[in-house]
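J.: I'd like to ask you about the structure that follows.
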Amino acid sequence: MKKGAFLVPVACAVLIAIAGPLMGNYASDFIVKVMILSIFALSLELLVGMTGLVSLGHAAFYGIGAYVTVLASGSEGGNVALLLPMAMGAAALYALFVGALSLRTRGVYFIMVTLAFAQMAFFVFHDTKVGGGSDGIYMYVRPALGALDLESRMVLFYVVLASLVFTYGLLALIRRSRFGAALAGIRVNEQRMRAAGFPVYGYKLAAFVLAGALAGLAGFLLASRDGVVNPELMAWHNSGEVLLMVILGGLGHLRGAVIGAIAFTLLKEIFSTHAVMGPLADHWQLTLGIAIIVFVAWLPKGLIGLVKRISPKEAA
Amino acid sequence: MDFGTFLVQCLNSVQYGLLLFLVASGLTLIFGIMGVINLAHGSFYMIGAYLAFSLAPLFGDQFLLMLVAGVVLAAIFGYLLEWAFFSYLYQRDHLQQVLMTYGLILVFEELRSILVGNDVHGVKVPAWLDGSFALGNVMSYPWYRLFASAACIVLAVGLYWVVNRTRLGMMIRAGASNRDMVRGLGIDVKRLYRIVFAAGVALAALAGMIAAPMSSVYPNMGASVLIICFVLVVIGGIGSITGALLASLLVGFVDTFGKVFFADLSGIGIYLLMAIVLIWKPEGLMGRRS
């Protein structure tokens, strides 16, 4: 890793922290949304970019984190110190179940199995009354921890920012650790890692569970922001979108997941704004779909790749 | 549950399983031979159902003629789609195939919403297939469902025959195992792939058309059938047609009887089945360890 590689992310975090109170409701709301999605995308980057596991069911862990937050908070509102570990723990537990089974398959089968297990979680919440069925459920009072009350817009803003910094920092540390090196080895050549005596299955399962827990963190934050959850959170469109964010930004870079989350949210916002797109705004799925196809065709290395293509100096 | 109801549910299971097999065989054809993971395959099923909805009023009672017209349209559509998009996907990795076909789903879904709206529709059963077949007092079963099962069996046998007994099938199988060798023999691989892809699209669309009079035609039908197909490909095992058939019937039974006995939780029955198979045989029932 280059010296000063942390300079830009740290500067960005500080800038956002300073700018927080100066922003209007719309802007801060938008940034909170993007930061939550960045955490979600970063959690998937751990699987896709760092370990080479293409999961198409990551929304399940996000949704479970959100559902547990709402279900466990009760009418009086819940305690952050209790709800957060519960949300992350439940997501991690389901990830342990899904990972243990799906990691027995590989490649394209892994993609299908993760998608199918995410649909299973979707159906549990969609078809049963556990979480209010297809309508979802509301949270009456947002989680709090003493003065740390997520009901307050600014508190939520800083909690989400801190969570993003934590996730980014944790993954950056993992990348540089022995564990991260093993995951990179598995991505490049699984057979060789196995021959070298690494417990490959265990490493992959650990990465899968950790990614699930971090997605649960994003789900906790999302439920705290929206105050409502519904099964659509786990729908496979959400798994597709987060995968797209990771690729759109650039696979194999932590920055990529964040850049992808920003770019994707902006793109969706632009495509569904009447002032920009006119009557086409009602059909934003169409424009988004076309944009995805174009991006995949022309930018296989993501936006980071585009920057490198424009300024070859960066390539080194 | 009395014997008559049980029998009816068994027939329903077989019929649903056979229909799933038809969709899944198109998926395996495209994946097995071209190596493209195609998330948009469910959309072809949806397109078929909406084709039936749009064509039925034009053809009246000429149901078989309508199926033929629909299949021809779907095959042309598939041929053009392969030329425009999928032919660029063969050399890409799975990740990019997943994303590009995901983008295609969004496009198809939105085009559908623009062209026919988001309402749930029904398609009328043709008059000559209306009514039920009665077996004394034991049970009665709709003629149309019997027709659907018979049509799926004919198609499955036909597909088996084409793949295993004809020159085209021989080229397809050879192309699946060694593309370069087949090209070396002077066979136009590009055109061969285009035909196979068009056939896969046509099969899925045909399944959608056959299903339309039985289940309603609704916006999310593509996604749900795609995921069920994934489940049965995983259960059946890699590249095995027999496995796919076995898995389809198994899934048909689990889903149909799940709805009878556990109305609320019926949605997860097939996933539990998949989990059990993965624990027991990760390579699927008929799969070979790679």
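Naming works like this for the structure tokens: A, B, ... for the chains as they're shown, residue 1 at the start of each chain, ligands 1 onward in shown order.
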Compute the set of chain B residues within 8 Å of chain A, using only C-alpha atoms, and express it as a ChimeraX atom specification.
T.: /B:37,94-96,99-108,110-111,227-228,230-231,234,264-265,267-268,271,275,278-279,282-283
J.: So which bits of stretch 78-268 of chain B end up alpha helix (DSSP H) when you DSSP the backbone, as a ChimeraX atom specification?
T.: /B:78-84,94-116,143-165,167-177,179-184,189-211,221-236,241-261
J.: Could you tell me how far atom CA of A:Tyr203 sits from atom CA of A:Arg178, in Å to one decimal place?
T.: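 Between these atoms lies a distance of 11.1 Å.
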J.: Extract, using only C-alpha atoms, all DNA, RNA and protein residues at most 12 Å from B:Ala174, discarding same-chain residues fewer than 4 positions from it, and format them as a list in words.
T.: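 The filter keeps Gly32, Ile33, Met34, Val163, Asn164, Arg167, Leu168, Gly169, Met170, Asn178, Arg179, Asp180, Met181, Val182, Arg183, Gly184, Leu185, Ile187, Val189, Leu192 and Tyr193 of chain B.
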J.: Please write the residues from the selection above to a file, keeping C-alpha atoms, as an mmCIF file, in the first residue's frame.
T.:
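The new file again.cif reads:
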data_model
loop_
_atom_site.group_PDB
_atom_site.id
_atom_site.type_symbol
_atom_site.label_atom_id
_atom_site.label_comp_id
_atom_site.auth_asym_id
_atom_site.auth_seq_id
_atom_site.Cartn_x
_atom_site.Cartn_y
_atom_site.Cartn_z
ATOM 1 C CA GLY B 32 -24.615 -25.300 -20.448
ATOM 2 C CA ILE B 33 -23.646 -24.613 -24.028
ATOM 3 C CA MET B 34 -22.692 -20.957 -24.106
ATOM 4 C CA VAL B 163 -30.091 -32.957 -28.666
ATOM 5 C CA ASN B 164 -29.221 -36.655 -28.655
ATOM 6 C CA ARG B 167 -26.982 -33.671 -36.522
ATOM 7 C CA LEU B 168 -27.876 -30.303 -35.025
ATOM 8 C CA GLY B 169 -27.866 -31.867 -31.562
ATOM 9 C CA MET B 170 -24.496 -33.423 -32.252
ATOM 10 C CA ASN B 178 -15.026 -27.855 -27.367
ATOM 11 C CA ARG B 179 -15.898 -24.721 -29.230
ATOM 12 C CA ASP B 180 -12.642 -24.388 -31.120
ATOM 13 C CA MET B 181 -12.693 -27.941 -32.356
ATOM 14 C CA VAL B 182 -16.174 -27.479 -33.787
ATOM 15 C CA ARG B 183 -15.096 -24.281 -35.505
ATOM 16 C CA GLY B 184 -12.124 -26.163 -36.886
ATOM 17 C CA LEU B 185 -14.497 -28.637 -38.479
ATOM 18 C CA ILE B 187 -19.179 -25.339 -38.554
ATOM 19 C CA VAL B 189 -20.333 -21.620 -34.373
ATOM 20 C CA LEU B 192 -25.139 -22.316 -34.121
ATOM 21 C CA TYR B 193 -25.077 -20.337 -30.862
#
J.: When you look at B:Leu64 with a cut-off of 12 Å (counting only C-alpha atoms), what residues show up, excluding the ones that are within fewer than 5 positions of it in the same chain? I need them as a PyMOL selection string.
T.: chain B and resi 52+55-56+59+69-71+125-126+128-129+147-148+151+206+209-210
J.: Just the selected residues (N, CA, C and O atoms), exported as an mmCIF file, in the first residue's frame, please.
T.:
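Once written, part-v9.cif looks like this:
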data_model
loop_
_atom_site.group_PDB
_atom_site.id
_atom_site.type_symbol
_atom_site.label_atom_id
_atom_site.label_comp_id
_atom_site.auth_asym_id
_atom_site.auth_seq_id
_atom_site.Cartn_x
_atom_site.Cartn_y
_atom_site.Cartn_z
ATOM 1 N N ALA B 52 -49.181 -14.419 -24.917
ATOM 2 C CA ALA B 52 -50.449 -15.154 -24.930
ATOM 3 C C ALA B 52 -51.601 -14.196 -24.651
ATOM 4 O O ALA B 52 -52.640 -14.232 -25.302
ATOM 5 N N LEU B 55 -51.994 -12.072 -27.838
ATOM 6 C CA LEU B 55 -52.351 -12.775 -29.075
ATOM 7 C C LEU B 55 -53.695 -13.483 -28.978
ATOM 8 O O LEU B 55 -54.379 -13.657 -29.993
ATOM 9 N N ALA B 56 -54.083 -13.898 -27.767
ATOM 10 C CA ALA B 56 -55.292 -14.718 -27.612
ATOM 11 C C ALA B 56 -56.528 -14.095 -28.275
ATOM 12 O O ALA B 56 -57.261 -14.803 -28.979
ATOM 13 N N PHE B 59 -56.509 -14.693 -32.085
ATOM 14 C CA PHE B 59 -56.605 -16.046 -32.616
ATOM 15 C C PHE B 59 -57.878 -16.773 -32.193
ATOM 16 O O PHE B 59 -58.176 -17.836 -32.717
ATOM 17 N N ALA B 69 -47.489 -19.126 -33.479
ATOM 18 C CA ALA B 69 -47.160 -17.735 -33.794
ATOM 19 C C ALA B 69 -46.291 -17.129 -32.695
ATOM 20 O O ALA B 69 -45.293 -16.444 -32.959
ATOM 21 N N GLY B 70 -46.668 -17.410 -31.437
ATOM 22 C CA GLY B 70 -45.915 -16.876 -30.301
ATOM 23 C C GLY B 70 -44.487 -17.397 -30.279
ATOM 24 O O GLY B 70 -43.537 -16.640 -30.043
ATOM 25 N N VAL B 71 -44.344 -18.694 -30.541
ATOM 26 C CA VAL B 71 -43.000 -19.297 -30.531
ATOM 27 C C VAL B 71 -42.134 -18.678 -31.621
ATOM 28 O O VAL B 71 -40.961 -18.362 -31.397
ATOM 29 N N VAL B 125 -59.221 -19.896 -21.295
ATOM 30 C CA VAL B 125 -58.941 -21.231 -21.822
ATOM 31 C C VAL B 125 -59.742 -21.383 -23.114
ATOM 32 O O VAL B 125 -60.912 -21.019 -23.157
ATOM 33 N N PRO B 126 -59.135 -21.891 -24.209
ATOM 34 C CA PRO B 126 -59.887 -22.051 -25.454
ATOM 35 C C PRO B 126 -61.081 -22.991 -25.260
ATOM 36 O O PRO B 126 -61.002 -23.930 -24.460
ATOM 37 N N TRP B 128 -62.396 -25.448 -26.815
ATOM 38 C CA TRP B 128 -62.263 -26.902 -26.992
ATOM 39 C C TRP B 128 -61.467 -27.556 -25.867
ATOM 40 O O TRP B 128 -61.402 -28.781 -25.766
ATOM 41 N N LEU B 129 -60.856 -26.757 -24.999
ATOM 42 C CA LEU B 129 -60.151 -27.335 -23.859
ATOM 43 C C LEU B 129 -60.841 -26.962 -22.558
ATOM 44 O O LEU B 129 -60.335 -27.210 -21.462
ATOM 45 N N PHE B 147 -53.874 -31.012 -21.002
ATOM 46 C CA PHE B 147 -53.247 -30.585 -22.255
ATOM 47 C C PHE B 147 -51.865 -30.000 -21.983
ATOM 48 O O PHE B 147 -50.886 -30.300 -22.684
ATOM 49 N N ALA B 148 -51.767 -29.163 -20.928
ATOM 50 C CA ALA B 148 -50.482 -28.531 -20.597
ATOM 51 C C ALA B 148 -49.426 -29.581 -20.280
ATOM 52 O O ALA B 148 -48.288 -29.518 -20.772
ATOM 53 N N ALA B 151 -48.447 -31.364 -23.498
ATOM 54 C CA ALA B 151 -47.613 -30.512 -24.346
ATOM 55 C C ALA B 151 -46.182 -30.477 -23.823
ATOM 56 O O ALA B 151 -45.221 -30.564 -24.588
ATOM 57 N N LEU B 206 -42.643 -20.259 -24.601
ATOM 58 C CA LEU B 206 -43.708 -21.250 -24.795
ATOM 59 C C LEU B 206 -44.262 -21.688 -23.440
ATOM 60 O O LEU B 206 -45.479 -21.800 -23.259
ATOM 61 N N MET B 209 -46.518 -19.083 -22.291
ATOM 62 C CA MET B 209 -47.796 -19.064 -23.013
ATOM 63 C C MET B 209 -48.718 -20.178 -22.529
ATOM 64 O O MET B 209 -49.917 -19.989 -22.383
ATOM 65 N N ILE B 210 -48.126 -21.357 -22.276
ATOM 66 C CA ILE B 210 -48.927 -22.478 -21.801
ATOM 67 C C ILE B 210 -49.439 -22.190 -20.382
ATOM 68 O O ILE B 210 -50.557 -22.526 -20.023
#
J.: With a distance cut-off of 12 Å and only C-alpha atoms, select the neighbouring residues of A:Ile31, excluding the residue or stretch itself and same-chain residues fewer than 2 positions from it, and output the selection as a PyMOL selection string.
T.: chain A and resi 13+16-17+19-20+23-29+33-38+153-154+156-158+160-161+164+225+258+261-262+265-266
J.: Which is closest to B:Val123 among B:Gly236, B:Ala212, B:Val138, B:Gly158, if we use only C-alpha atoms?
T.: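 So, comparing all the options, the nearest one is B:Ala212.
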J.: For B:Leu20, please output as a list in words all residues within 9 Å (counting only C-alpha atoms; exclusion window: fewer than 5 positions along the same chain).
T.: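 Near neighbours after the sequence-gap exclusion: Gln15, Ser25, Ala207, Val225, Ile228, Cys229, Leu232, Leu245, Ser248, Leu249, Val251 and Gly252 of chain B.
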J.: As an exercise, work out the distance from atom CA of B:Leu135 to atom CA of B:Gly208 in Å and give it to one decimal place.
T.: 28.8 Å
J.: Please measure the separation of atom CA of B:Phe77 and atom CA of A:Leu280, giving the value in Å to one decimal.
T.: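 According to the coordinates, atom CA of B:Phe77 and atom CA of A:Leu280 are separated by 24.6 Å.
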J.: Need the shell around stretch 165-168 of chain A: protein/DNA/RNA residues with any atom at most 12 Å away, counting only C-alpha atoms. Skip same-chain ones fewer than 2 positions apart. Format as a PyMOL selection string?
T.: chain A and resi 6+9-14+16-17+35-46+158-163+170-175+210-211+213-218+253-258
J.: Have a look at B:Gly200, B:Met139, B:Trp280, B:Gly48 and name the one nearest to B:Asp2; count only C-alpha atoms.
T.: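 Looking at the shortest contact to B:Asp2, the residue is B:Met139.
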